[in-house]
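Peer 1: Okay, so here is entry.txt, and as you'll see once you scroll down, it has compact mmCIF, C-alpha atoms.
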```txt
# COMPACT_ATOMS: atom_id res chain seq x y z
CA MET A 20 28.78 54.76 322.02
CA THR A 21 29.41 57.83 324.19
CA GLU A 22 32.74 56.36 325.21
CA ARG A 23 33.82 55.94 321.59
CA LEU A 24 32.75 59.45 320.75
CA LEU A 25 34.74 60.75 323.70
CA ILE A 26 37.83 58.79 322.60
CA ALA A 27 37.47 60.06 319.02
CA TYR A 28 37.04 63.64 320.23
CA THR A 29 40.11 63.39 322.51
CA LEU A 30 42.13 61.85 319.69
CA LEU A 31 41.14 64.60 317.29
CA THR A 32 41.93 67.33 319.82
CA ALA A 33 45.32 65.77 320.53
CA LEU A 34 46.07 65.52 316.82
CA ALA A 35 45.01 69.11 316.21
CA THR A 36 47.16 70.32 319.15
CA ALA A 37 50.14 68.33 317.88
CA ALA A 38 49.64 69.72 314.35
CA LEU A 39 49.41 73.29 315.69
CA LEU A 40 52.50 72.84 317.86
CA GLY A 41 54.35 71.36 314.89
CA ALA A 42 53.37 74.30 312.68
CA LEU A 43 54.43 76.74 315.40
CA CYS A 44 57.80 75.02 315.77
CA ALA A 45 58.30 74.99 312.00
CA SER A 46 57.48 78.69 311.67
CA GLU A 47 59.75 79.51 314.62
CA LEU A 48 62.60 77.54 313.07
CA GLN A 49 62.01 79.19 309.71
CA ALA A 50 61.99 82.67 311.31
CA ARG A 51 65.21 81.86 313.14
CA ARG A 52 66.81 80.56 309.95
CA ARG A 53 65.67 83.63 308.03
CA CYS A 54 67.02 85.89 310.77
CA GLY A 55 70.40 84.15 310.67
CA ARG A 56 70.44 84.24 306.86
CA ASP A 57 69.51 87.94 306.87
CA ALA A 58 72.35 88.74 309.28
CA VAL A 59 74.90 86.92 307.11
CA LEU A 60 73.49 88.32 303.87
CA GLY A 61 73.29 91.88 305.29
CA SER A 62 76.93 91.69 306.32
CA ARG A 63 77.91 90.42 302.84
CA TYR A 64 75.90 93.17 301.14
CA LEU A 65 77.59 95.80 303.28
CA ARG A 66 81.01 94.41 302.44
CA ILE A 67 80.27 94.38 298.70
CA LEU A 68 78.82 97.89 298.85
CA MET A 69 81.73 99.33 300.82
CA LEU A 70 84.31 97.76 298.52
CA TYR A 71 82.44 99.20 295.52
CA LEU A 72 82.31 102.64 297.16
CA LEU A 73 86.01 102.50 298.02
CA SER A 74 86.93 101.53 294.46
CA GLY A 75 84.49 104.17 293.15
CA GLU A 76 84.24 102.82 289.61
CA GLY A 77 83.57 99.74 287.54
CA PRO A 78 80.34 97.88 286.83
CA VAL A 79 77.65 97.58 289.48
CA PRO A 80 78.54 94.63 291.74
CA ARG A 81 76.42 91.50 291.90
CA PHE A 82 74.68 90.98 295.20
CA PRO A 83 74.18 87.27 295.96
CA MET A 84 70.64 85.86 296.34
CA ILE A 85 69.10 89.23 295.46
CA ARG A 86 66.08 87.52 293.90
CA ARG A 87 65.21 85.74 297.16
CA ALA A 88 62.31 86.99 299.29
CA GLY A 89 63.39 89.85 301.54
CA ALA A 90 66.83 90.23 299.91
CA ARG A 91 65.98 93.49 298.16
CA ARG A 92 64.69 94.95 301.41
CA LEU A 93 67.97 93.91 303.02
CA LEU A 94 69.93 95.71 300.32
CA ALA A 95 67.75 98.82 300.71
CA GLU A 96 68.29 98.72 304.48
CA THR A 97 72.04 98.35 303.99
CA VAL A 98 72.21 101.37 301.65
CA ALA A 99 69.95 103.40 303.96
CA GLY A 100 71.92 102.36 307.06
CA LEU A 101 75.19 103.37 305.46
CA THR A 102 73.98 106.75 304.22
CA GLY A 103 72.29 107.39 307.57
CA VAL A 104 75.51 107.22 309.60
CA THR A 105 77.95 108.76 307.12
CA TYR A 106 78.43 111.89 305.08
CA GLY A 107 80.65 112.75 302.15
CA LEU A 108 80.08 109.43 300.40
CA ASP A 109 80.37 109.41 296.64
CA THR A 110 76.73 109.32 295.53
CA ALA A 111 77.45 108.22 291.94
CA PRO A 112 78.20 104.54 292.77
CA LEU A 113 75.30 104.47 295.22
CA ARG A 114 72.99 105.90 292.56
CA ARG A 115 74.16 103.22 290.15
CA VAL A 116 73.40 100.46 292.67
CA VAL A 117 69.96 101.93 293.46
CA SER A 118 69.01 102.24 289.80
CA ALA A 119 70.46 98.85 288.75
CA TYR A 120 68.43 97.00 291.36
CA GLY A 121 65.44 99.35 291.10
CA LEU A 122 65.46 99.98 294.85
CA ASP A 123 63.68 103.35 294.64
CA ARG A 124 60.83 102.03 292.46
CA TRP A 125 60.55 98.92 294.62
CA LEU A 126 60.35 101.03 297.80
CA LEU A 127 57.73 103.27 296.19
CA GLY A 128 55.66 100.16 295.46
CA ARG A 129 56.03 99.05 299.08
CA VAL A 130 54.99 102.52 300.25
CA ARG A 131 51.84 102.26 298.14
CA ARG A 132 50.93 98.81 299.44
CA THR A 133 51.60 99.37 303.17
CA PHE A 134 49.97 101.58 305.79
CA GLY A 135 50.81 103.32 309.06
CA CYS A 136 54.25 102.92 310.55
CA ARG A 137 55.31 100.40 307.87
CA ARG A 138 54.61 103.00 305.20
CA ALA A 139 56.57 105.54 307.26
CA ARG A 140 59.50 103.12 307.54
CA ASN A 141 59.53 102.50 303.79
CA LEU A 142 59.47 106.26 303.20
CA MET A 143 62.35 106.65 305.65
CA LEU A 144 64.40 104.10 303.68
CA LEU A 145 63.48 105.91 300.48
CA ALA A 146 64.60 109.26 301.94
CA ARG A 147 68.07 107.88 302.54
CA MET A 148 68.54 106.67 298.95
CA PRO A 149 70.08 108.91 296.31
CA LEU A 150 66.85 109.96 294.56
CA ASP A 151 65.72 111.78 291.46
CA GLY A 152 62.92 114.34 291.25
CA ALA A 153 60.41 111.91 289.70
CA VAL A 154 60.48 109.56 292.71
CA ALA A 155 60.17 112.50 295.13
CA ALA A 156 57.20 113.84 293.15
CA ARG A 157 55.47 110.48 293.47
CA ALA A 158 56.06 110.50 297.24
CA ALA A 159 54.74 114.07 297.56
CA ARG A 160 51.12 113.01 298.00
CA TYR A 161 51.95 111.38 301.35
CA VAL A 162 52.75 114.81 302.84
CA ARG A 163 48.99 115.23 303.22
CA SER A 164 48.61 111.87 305.02
CA ARG A 165 46.70 111.77 308.31
CA ASN A 166 49.50 109.75 309.89
CA ARG A 167 52.09 112.08 311.38
CA ARG A 168 55.07 109.75 310.76
CA VAL A 169 54.09 109.14 307.14
CA ARG A 170 53.62 112.87 306.59
CA PHE A 171 57.04 113.72 308.00
CA GLN A 172 58.93 110.94 306.22
CA ALA A 173 57.34 112.06 302.93
CA LEU A 174 58.74 115.52 303.62
CA MET A 175 62.16 113.97 304.28
CA VAL A 176 61.99 112.23 300.88
CA GLN A 177 61.34 115.57 299.23
CA LEU A 178 64.09 117.32 301.19
CA ALA A 179 66.59 114.62 300.26
CA ALA A 180 65.63 114.76 296.58
CA ASP A 181 65.61 118.54 296.24
CA PRO A 182 67.56 120.33 299.00
CA SER A 183 67.38 123.66 297.12
CA ALA A 184 63.61 123.78 297.81
CA ALA A 185 64.10 123.01 301.52
CA LEU A 186 62.81 126.38 302.79
CA ARG A 187 59.64 126.22 300.70
CA LEU A 188 58.97 122.57 301.58
CA MET A 189 59.40 123.14 305.32
CA ALA A 190 57.28 126.31 305.22
CA GLU A 191 54.47 124.49 303.38
CA TYR A 192 54.52 121.51 305.75
CA PRO A 193 51.02 121.36 307.23
CA ALA A 194 51.88 120.55 310.88
CA PRO A 195 54.24 122.01 313.50
CA PHE A 196 57.54 120.10 313.81
CA SER A 197 58.14 118.15 317.00
CA ALA A 198 61.56 118.12 318.69
CA CYS A 199 62.30 114.67 317.21
CA GLU A 200 61.40 115.83 313.73
CA VAL A 201 63.67 118.87 314.04
CA GLY A 202 66.41 116.48 315.18
CA GLU A 203 65.96 114.39 312.03
CA ILE A 204 66.14 117.49 309.84
CA LEU A 205 69.36 118.50 311.60
CA ILE A 206 70.88 115.08 310.91
CA LEU A 207 70.13 115.68 307.21
CA LEU A 208 71.82 119.05 307.58
CA ARG A 209 74.86 117.52 309.24
CA ARG A 210 75.12 115.07 306.36
CA GLY A 211 75.70 118.14 304.19
CA MET A 212 72.41 117.80 302.34
CA LEU A 213 70.82 121.08 303.48
CA PRO A 214 72.20 124.63 303.63
CA ILE A 215 73.19 125.95 307.10
CA ALA A 216 72.00 129.50 306.41
CA TYR A 217 70.34 130.14 309.75
CA GLY A 218 69.58 133.82 309.03
CA PRO A 219 66.54 133.47 306.75
CA LEU A 220 65.20 130.67 308.96
CA VAL A 221 65.37 132.63 312.22
CA GLU A 222 63.95 135.77 310.59
CA SER A 223 61.12 133.89 308.85
CA PRO A 224 57.53 134.43 310.00
CA CYS A 225 56.87 130.67 309.66
CA ARG A 226 56.97 128.81 312.97
CA ASN A 227 58.55 125.63 311.56
CA LEU A 228 61.37 127.51 309.84
CA ARG A 229 62.09 129.51 312.98
CA ILE A 230 62.27 126.38 315.15
CA VAL A 231 64.69 124.76 312.70
CA GLY A 232 66.75 127.99 312.60
CA LEU A 233 66.93 128.14 316.40
CA SER A 234 68.01 124.50 316.54
CA ILE A 235 70.78 125.19 314.01
CA VAL A 236 71.99 128.13 316.11
CA ARG A 237 71.93 125.95 319.23
CA GLN A 238 73.62 122.96 317.67
CA PHE A 239 76.40 124.85 315.93
CA GLY A 240 76.88 127.41 318.73
CA ILE A 241 76.39 130.43 316.46
CA GLU A 242 76.95 133.34 318.85
CA GLU A 243 76.47 135.93 316.07
CA ALA A 244 72.77 135.16 316.18
CA GLU A 245 72.41 136.75 319.65
CA PRO A 246 70.68 139.98 318.50
CA GLN A 247 68.12 137.97 316.51
CA LEU A 248 67.54 135.68 319.49
CA LEU A 249 66.96 138.65 321.80
CA ARG A 250 64.48 140.06 319.29
CA ILE A 251 62.52 136.79 319.32
CA VAL A 252 62.66 136.67 323.13
CA ALA A 253 61.15 140.16 323.24
CA GLY A 254 58.48 139.39 320.62
CA ASP A 255 54.98 138.60 321.77
CA GLU A 256 53.62 136.69 318.76
CA VAL A 257 54.29 133.04 319.69
CA PRO A 258 55.27 132.36 323.33
CA GLU A 259 56.74 128.97 322.34
CA LEU A 260 59.26 130.64 320.03
CA GLY A 261 60.25 133.15 322.72
CA ARG A 262 60.85 130.29 325.12
CA GLU A 263 62.90 128.35 322.54
CA ALA A 264 64.99 131.46 321.83
CA LEU A 265 65.62 131.83 325.56
CA TYR A 266 66.77 128.21 325.80
CA THR A 267 69.03 128.82 322.80
CA LEU A 268 70.60 131.82 324.55
CA CYS A 269 71.20 129.60 327.59
CA ALA A 270 72.78 126.89 325.40
CA LEU A 271 75.12 129.53 323.97
CA ARG A 272 75.85 130.63 327.60
CA ARG A 273 75.14 134.26 326.78
CA PRO A 274 74.56 136.80 329.56
CA LEU A 275 70.89 136.82 330.56
CA THR A 276 70.70 139.92 332.76
CA ARG A 277 68.82 141.89 330.13
CA ARG A 278 65.53 143.68 330.22
CA ARG A 279 64.06 141.61 327.34
CA VAL A 280 64.90 138.37 329.13
CA SER A 281 63.35 139.59 332.41
CA ARG A 282 60.21 140.61 330.53
CA ARG A 283 59.93 137.15 328.96
CA LEU A 284 60.50 135.49 332.35
CA ALA A 285 57.72 137.57 333.88
CA VAL A 286 55.13 136.18 331.44
CA MET A 287 56.26 132.57 331.79
CA SER A 288 54.27 130.18 333.99
CA SER A 289 55.75 128.79 337.19
CA ALA A 290 56.34 125.34 335.61
CA GLU A 291 58.13 126.90 332.63
CA ARG A 292 60.32 129.01 334.93
CA LYS A 293 61.26 125.91 336.93
CA ALA A 294 62.13 124.01 333.75
CA LEU A 295 64.29 126.92 332.61
CA MET A 296 66.00 127.03 336.01
CA ARG A 297 66.87 123.35 335.74
CA TYR A 298 68.29 123.92 332.27
CA MET A 299 70.32 126.92 333.43
CA ALA A 300 71.72 125.00 336.39
CA ALA A 301 72.74 122.16 334.07
CA GLU A 302 74.37 124.67 331.70
CA GLY A 303 76.46 125.99 334.58
CA TYR A 304 74.98 129.46 335.22
CA SER A 305 76.06 130.87 338.57
CA PRO A 306 73.70 130.88 341.60
CA GLY A 307 74.16 134.67 341.77
CA LEU A 308 72.65 135.13 338.33
CA LEU A 309 69.84 132.71 339.08
CA ARG A 310 69.07 134.69 342.26
CA ARG A 311 68.95 137.92 340.27
CA LEU A 312 66.66 136.49 337.58
CA PHE A 313 64.25 134.61 339.81
CA ASP A 314 63.40 136.83 342.72
CA ALA A 315 60.53 135.01 344.45
CA ARG A 316 61.73 133.39 347.69
CA ARG A 317 60.36 129.96 346.88
CA GLU A 318 61.97 129.96 343.45
CA ARG A 319 65.25 131.13 344.91
CA SER A 320 65.47 128.26 347.39
CA TYR A 321 64.55 125.86 344.58
CA CYS A 322 67.33 127.11 342.32
CA GLU A 323 69.90 126.99 345.16
CA SER A 324 69.00 123.37 345.88
CA LEU A 325 69.25 122.67 342.15
CA VAL A 326 72.75 124.09 341.85
CA GLN A 327 73.84 122.09 344.89
CA SER A 328 72.31 118.91 343.51
CA TYR A 329 74.17 119.35 340.22
CA LYS A 330 77.35 119.45 342.34
CA ARG A 331 78.87 122.25 340.32
CA SER A 332 82.08 123.75 341.65
CA LEU A 333 81.41 127.39 340.90
CA ALA A 334 84.39 129.67 341.30
CA MET B 26 101.51 96.00 311.87
CA HIS B 27 99.16 98.18 313.92
CA ARG B 28 96.43 96.74 316.05
CA ILE B 29 93.02 98.36 316.12
CA LEU B 30 90.06 97.37 318.26
CA ILE B 31 86.49 98.43 317.47
CA VAL B 32 84.04 98.17 320.35
CA SER B 33 80.41 98.37 319.31
CA GLU B 34 77.18 96.84 320.48
CA GLU B 35 75.78 97.33 316.96
CA GLU B 36 77.23 94.90 314.48
CA PHE B 37 76.33 97.09 311.50
CA LEU B 38 78.28 100.11 312.78
CA CYS B 39 81.20 97.90 313.72
CA ASP B 40 81.25 96.48 310.18
CA VAL B 41 81.01 99.95 308.60
CA ILE B 42 84.03 101.20 310.55
CA ARG B 43 85.98 97.97 310.06
CA LEU B 44 85.41 98.05 306.31
CA SER B 45 86.29 101.73 306.08
CA LEU B 46 89.71 100.85 307.54
CA ALA B 47 90.21 98.08 304.97
CA GLY B 48 93.48 98.27 303.09
CA MET B 49 95.39 99.81 306.00
CA ARG B 50 98.24 97.73 307.31
CA ALA B 51 96.43 96.92 310.52
CA ASP B 52 95.01 93.98 312.40
CA VAL B 53 91.42 95.08 313.10
CA ARG B 54 89.44 93.25 315.79
CA CYS B 55 85.86 93.77 316.93
CA ALA B 56 84.33 93.43 320.39
CA PRO B 57 80.58 93.56 321.04
CA GLY B 58 80.79 94.79 324.65
CA VAL B 59 82.88 95.63 327.70
CA ALA B 60 83.52 91.99 328.64
CA ALA B 61 84.86 91.09 325.19
CA MET B 62 86.85 94.34 325.10
CA GLU B 63 88.43 93.55 328.47
CA ARG B 64 89.28 90.01 327.38
CA LEU B 65 90.89 91.18 324.14
CA SER B 66 92.79 94.07 325.69
CA ARG B 67 94.23 91.73 328.33
CA ARG B 68 95.46 89.42 325.60
CA MET B 69 97.07 92.04 323.37
CA LEU B 70 98.11 95.70 323.44
CA PHE B 71 96.21 97.73 320.85
CA ASP B 72 97.46 100.91 319.23
CA LEU B 73 93.99 102.35 318.79
CA VAL B 74 90.56 101.59 320.18
CA ILE B 75 87.42 102.97 318.52
CA VAL B 76 84.41 102.89 320.82
CA VAL B 77 81.08 103.28 319.02
CA GLY B 78 78.41 104.91 321.20
CA THR B 79 78.66 106.14 324.75
CA SER B 80 76.62 103.44 326.48
CA LEU B 81 79.84 101.60 327.40
CA PHE B 82 80.88 104.52 329.55
CA PHE B 83 77.68 104.16 331.58
CA SER B 84 78.29 100.49 332.33
CA GLY B 85 79.91 101.33 335.66
CA ARG B 86 83.39 100.32 334.46
CA ASP B 87 86.29 102.65 333.81
CA VAL B 88 86.62 101.90 330.09
CA VAL B 89 89.77 103.95 329.49
CA ARG B 90 91.55 102.44 332.50
CA ILE B 91 90.67 98.92 331.32
CA LEU B 92 92.16 99.73 327.92
CA ARG B 93 95.33 101.39 329.18
CA PRO B 94 97.59 99.24 331.30
CA PRO B 95 99.19 101.19 334.22
CA GLY B 96 102.17 103.25 333.15
CA LEU B 97 101.38 103.17 329.43
CA ARG B 98 99.92 105.95 327.29
CA LYS B 99 98.78 103.44 324.66
CA PRO B 100 96.28 102.87 323.17
CA LEU B 101 94.64 105.97 321.69
CA VAL B 102 90.91 105.98 322.35
CA TYR B 103 88.39 107.37 319.86
CA VAL B 104 84.69 107.62 320.54
CA VAL B 105 82.18 107.86 317.70
CA ALA B 106 78.64 108.60 318.90
CA TRP B 107 75.49 110.60 318.25
CA GLN B 108 75.73 112.88 321.29
CA GLN B 109 76.50 116.50 320.55
CA ALA B 110 76.02 118.18 323.90
CA GLU B 111 79.18 119.96 324.95
CA GLN B 112 79.01 118.55 328.46
CA SER B 113 78.91 114.91 327.37
CA VAL B 114 81.81 115.46 324.99
CA LEU B 115 83.82 117.28 327.67
CA SER B 116 83.21 114.57 330.23
CA LEU B 117 84.38 111.94 327.76
CA LEU B 118 87.55 113.91 327.05
CA GLU B 119 88.08 114.29 330.80
CA CYS B 120 87.76 110.51 331.11
CA GLY B 121 90.85 110.17 328.91
CA VAL B 122 89.31 109.83 325.46
CA ASP B 123 91.62 111.29 322.77
CA GLN B 124 89.16 112.01 319.96
CA TYR B 125 85.43 112.42 319.78
CA LEU B 126 83.58 112.19 316.46
CA THR B 127 79.87 112.58 315.99
CA PHE B 128 77.61 110.65 313.68
CA PRO B 129 77.10 111.10 310.76
CA VAL B 130 80.81 110.58 310.26
CA SER B 131 82.93 110.92 307.15
CA LEU B 132 84.59 107.57 306.58
CA GLN B 133 87.43 109.15 304.60
CA ARG B 134 88.11 111.60 307.42
CA LEU B 135 88.03 108.85 310.02
CA ARG B 136 90.42 106.76 307.96
CA MET B 137 92.84 109.66 307.49
CA LYS B 138 92.72 110.55 311.17
CA VAL B 139 93.42 106.96 312.17
CA ALA B 140 96.27 106.68 309.66
CA ASN B 141 97.85 109.97 310.81
CA ASP B 142 97.63 109.11 314.49
CA LEU B 143 99.03 105.64 313.99
CA ASN B 144 101.93 106.97 311.90
CA ARG B 145 102.68 109.53 314.60
CA GLN B 146 102.90 106.74 317.15
CA LEU B 147 105.67 104.97 315.20
```
If you convert what's in this file into structure tokens, what do you get?

Peer 2:
Amino acid sequence: MTERLLIAYTLLTALATAALLGALCASELQARRRCGRDAVLGSRYLRILMLYLLSGEGPVPRFPMIRRAGARRLLAETVAGLTGVTYGLDTAPLRRVVSAYGLDRWLLGRVRRTFGCRRARNLMLLARMPLDGAVAARAARYVRSRNRRVRFQALMVQLAADPSAALRLMAEYPAPFSACEVGEILILLRRGMLPIAYGPLVESPCRNLRIVGLSIVRQFGIEEAEPQLLRIVAGDEVPELGREALYTLCALRRPLTRRRVSRRLAVMSSAERKALMRYMAAEGYSPGLLRRLFDARRERSYCESLVQSYKRSLA
Amino acid sequence: MHRILIVSEEEFLCDVIRLSLAGMRADVRCAPGVAAMERLSRRMLFDLVIVVGTSLFFSGRDVVRILRPPGLRKPLVYVVAWQQAEQSVLSLLECGVDQYLTFPVSLQRLRMKVANDLNRQL
């Protein structure tokens, strides 16, 4: 009896293992097939979209298999991918495609049903679509989300939908921008969707606006902003902003032998001074200037070794 | 007919650039990496090579030398990438790259630039 039970148990276990392995293989094959189909379909969607954009007129093209599972996401990713790497595209045909296939409403639905980084990803896709104010208003509530990525991508949706309110939206944003977030805002700016008026941003009392302003000055090499940068370097309100302004001056390769700069350097910690030294050496400042700015013996030997390690041929 | 090679590890970007050049009288080929680029450039002489991203230049191979046979100025080399830092752009130009464009790129501008440069070569 025990023997029979043992045989039956072994048989059942073997069958269950075989069934599980079979299911695993089937799901793997299906995933692989779907991946291959998505690649082919994505490439076809891009081709259709680009041809429609190049022609610029006519009825909205038909995208094959759009009713299949995952096809609408693929189309949304194609539109978002294209707008993410280009600027100056004609938005009218894109808007027609988005509204004909209801991509914005569909993405909003996905945003509502997902959480965490998936919600943030859906919001990111939504931010890259040509949007109207109603969709942006419905995404506005996610700006108060506890998840940092969701919060920021909701802001990006609003910025993309209404660039004229960019200053107000960034000033009202409830958290300080990280370097990555500022980078994303600058990409939006380089796509021509935000104004490049750095003046009001740098002069603003809001930390987020100032950081974005400083990044604009740094990225576009706006040397005219030097007096404003020196004023921020001299200011005592937020040390982080003073430091950022100093880095911006370095990026612009402006002369640093000024009293305001020396005063800022004096209040910086040893680690911050070392980081600045590394940045200055990489930017090509001469060892003579570094010696004048950093007078402690230990710092001086550190900066000399830095310049040598960067192998700069300084005339 | 002109010959254009697009070298990109990302298929999507390669497709975007290839499709933006559609309608030009050119034979456009794509290569997903240095090995494919080397193979193609040995087989035929291109008029223009568009390299997407800078990772190729960190592969340890002299990309521009692979593309340009000794004694020839051809092909023109464009790089389209995200980097903005002056030093990276300068080092690419010092490597022999002719044009550097940053993402996001205007497809119309890229197309016009390519068309002008190819016409100048004739």

Peer 1: What residues in chain A lie within 7 Å of chain B, counting all atoms listed in the file, written as a list in words?

Peer 2: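 Applying the cut-off to the listed atoms yields Arg66, Met69, Gly103, Val104, Thr105, Tyr106, Gly107, Arg209 and Arg210 of chain A.
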
Peer 1: The residues within 7 Å of (86.8, 103.8, 321.4), using all atoms listed in the file and the coordinates of the file, should be reported as a PyMOL selection string; which are they?

Peer 2: chain B and resi 31-32+74-77+102-104

Peer 1: Which residue out of A:Glu22, A:Glu256, A:Asp109, A:Glu245 has the minimum interatomic distance to Cys269 (chain A) when only C-alpha atoms are used?

Peer 2: A:Glu245

Peer 1: Which residue, B:Val89, B:Leu143, B:Cys55, B:Leu73, has the smallest gap to Val122 (chain B) when you use only C-alpha atoms?

Peer 2: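 Counting only C-alpha atoms, the residue closest to Val122 (chain B) is B:Val89.
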
Peer 1: In Å, with one decimal, what is the gap from CA of Leu228 (chain A) to CA of Ile204 (chain A)?

Peer 2: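 Spanning CA of Leu228 (chain A) to CA of Ile204 (chain A) is a straight-line distance of 11.1 Å.
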
Peer 1: Do you have the CA of Arg114 (chain A)-CA of Leu101 (chain A) distance handy?

Peer 2: 13.3 Å

Peer 1: Of the residues B:Val105, B:Val59, B:Leu135, B:Ile42, which is the one nearest to Leu92 (chain B), using only C-alpha atoms?

Peer 2: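 Nearest to Leu92 (chain B): B:Val59.
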
Peer 1: Mind giving me the straight-line distance from CA of Ala88 (chain A) to CA of Arg56 (chain A) in Å, one decimal?

Peer 2: 11.4 Å

Peer 1: Just add N, CA and C atoms to region 104-116 of chain B and send it as an mmCIF file, in the coordinates of the input.

Peer 2:
```cif
data_model
loop_
_atom_site.group_PDB
_atom_site.id
_atom_site.type_symbol
_atom_site.label_atom_id
_atom_site.label_comp_id
_atom_site.auth_asym_id
_atom_site.auth_seq_id
_atom_site.Cartn_x
_atom_site.Cartn_y
_atom_site.Cartn_z
ATOM 1 N N VAL B 104 86.111 107.943 320.335
ATOM 2 C CA VAL B 104 84.690 107.620 320.540
ATOM 3 C C VAL B 104 83.905 108.198 319.367
ATOM 4 N N VAL B 105 83.068 107.386 318.775
ATOM 5 C CA VAL B 105 82.180 107.860 317.700
ATOM 6 C C VAL B 105 80.749 107.649 318.196
ATOM 7 N N ALA B 106 80.001 108.734 318.346
ATOM 8 C CA ALA B 106 78.640 108.600 318.900
ATOM 9 C C ALA B 106 77.736 109.696 318.358
ATOM 10 N N TRP B 107 76.467 109.620 318.739
ATOM 11 C CA TRP B 107 75.490 110.600 318.250
ATOM 12 C C TRP B 107 75.439 111.850 319.113
ATOM 13 N N GLN B 108 75.862 111.745 320.367
ATOM 14 C CA GLN B 108 75.730 112.880 321.290
ATOM 15 C C GLN B 108 76.493 114.098 320.794
ATOM 16 N N GLN B 109 75.864 115.259 320.990
ATOM 17 C CA GLN B 109 76.500 116.500 320.550
ATOM 18 C C GLN B 109 76.695 117.469 321.696
ATOM 19 N N ALA B 110 75.982 117.223 322.792
ATOM 20 C CA ALA B 110 76.020 118.180 323.900
ATOM 21 C C ALA B 110 77.453 118.351 324.381
ATOM 22 N N GLU B 111 77.813 119.617 324.582
ATOM 23 C CA GLU B 111 79.180 119.960 324.950
ATOM 24 C C GLU B 111 79.611 119.222 326.226
ATOM 25 N N GLN B 112 78.652 119.146 327.170
ATOM 26 C CA GLN B 112 79.010 118.550 328.460
ATOM 27 C C GLN B 112 79.362 117.078 328.343
ATOM 28 N N SER B 113 78.590 116.346 327.520
ATOM 29 C CA SER B 113 78.910 114.910 327.370
ATOM 30 C C SER B 113 80.259 114.732 326.704
ATOM 31 N N VAL B 114 80.531 115.567 325.698
ATOM 32 C CA VAL B 114 81.810 115.460 324.990
ATOM 33 C C VAL B 114 82.959 115.787 325.944
ATOM 34 N N LEU B 115 82.768 116.876 326.730
ATOM 35 C CA LEU B 115 83.820 117.280 327.670
ATOM 36 C C LEU B 115 84.074 116.190 328.701
ATOM 37 N N SER B 116 82.988 115.596 329.217
ATOM 38 C CA SER B 116 83.210 114.570 330.230
ATOM 39 C C SER B 116 83.920 113.347 329.651
#
```
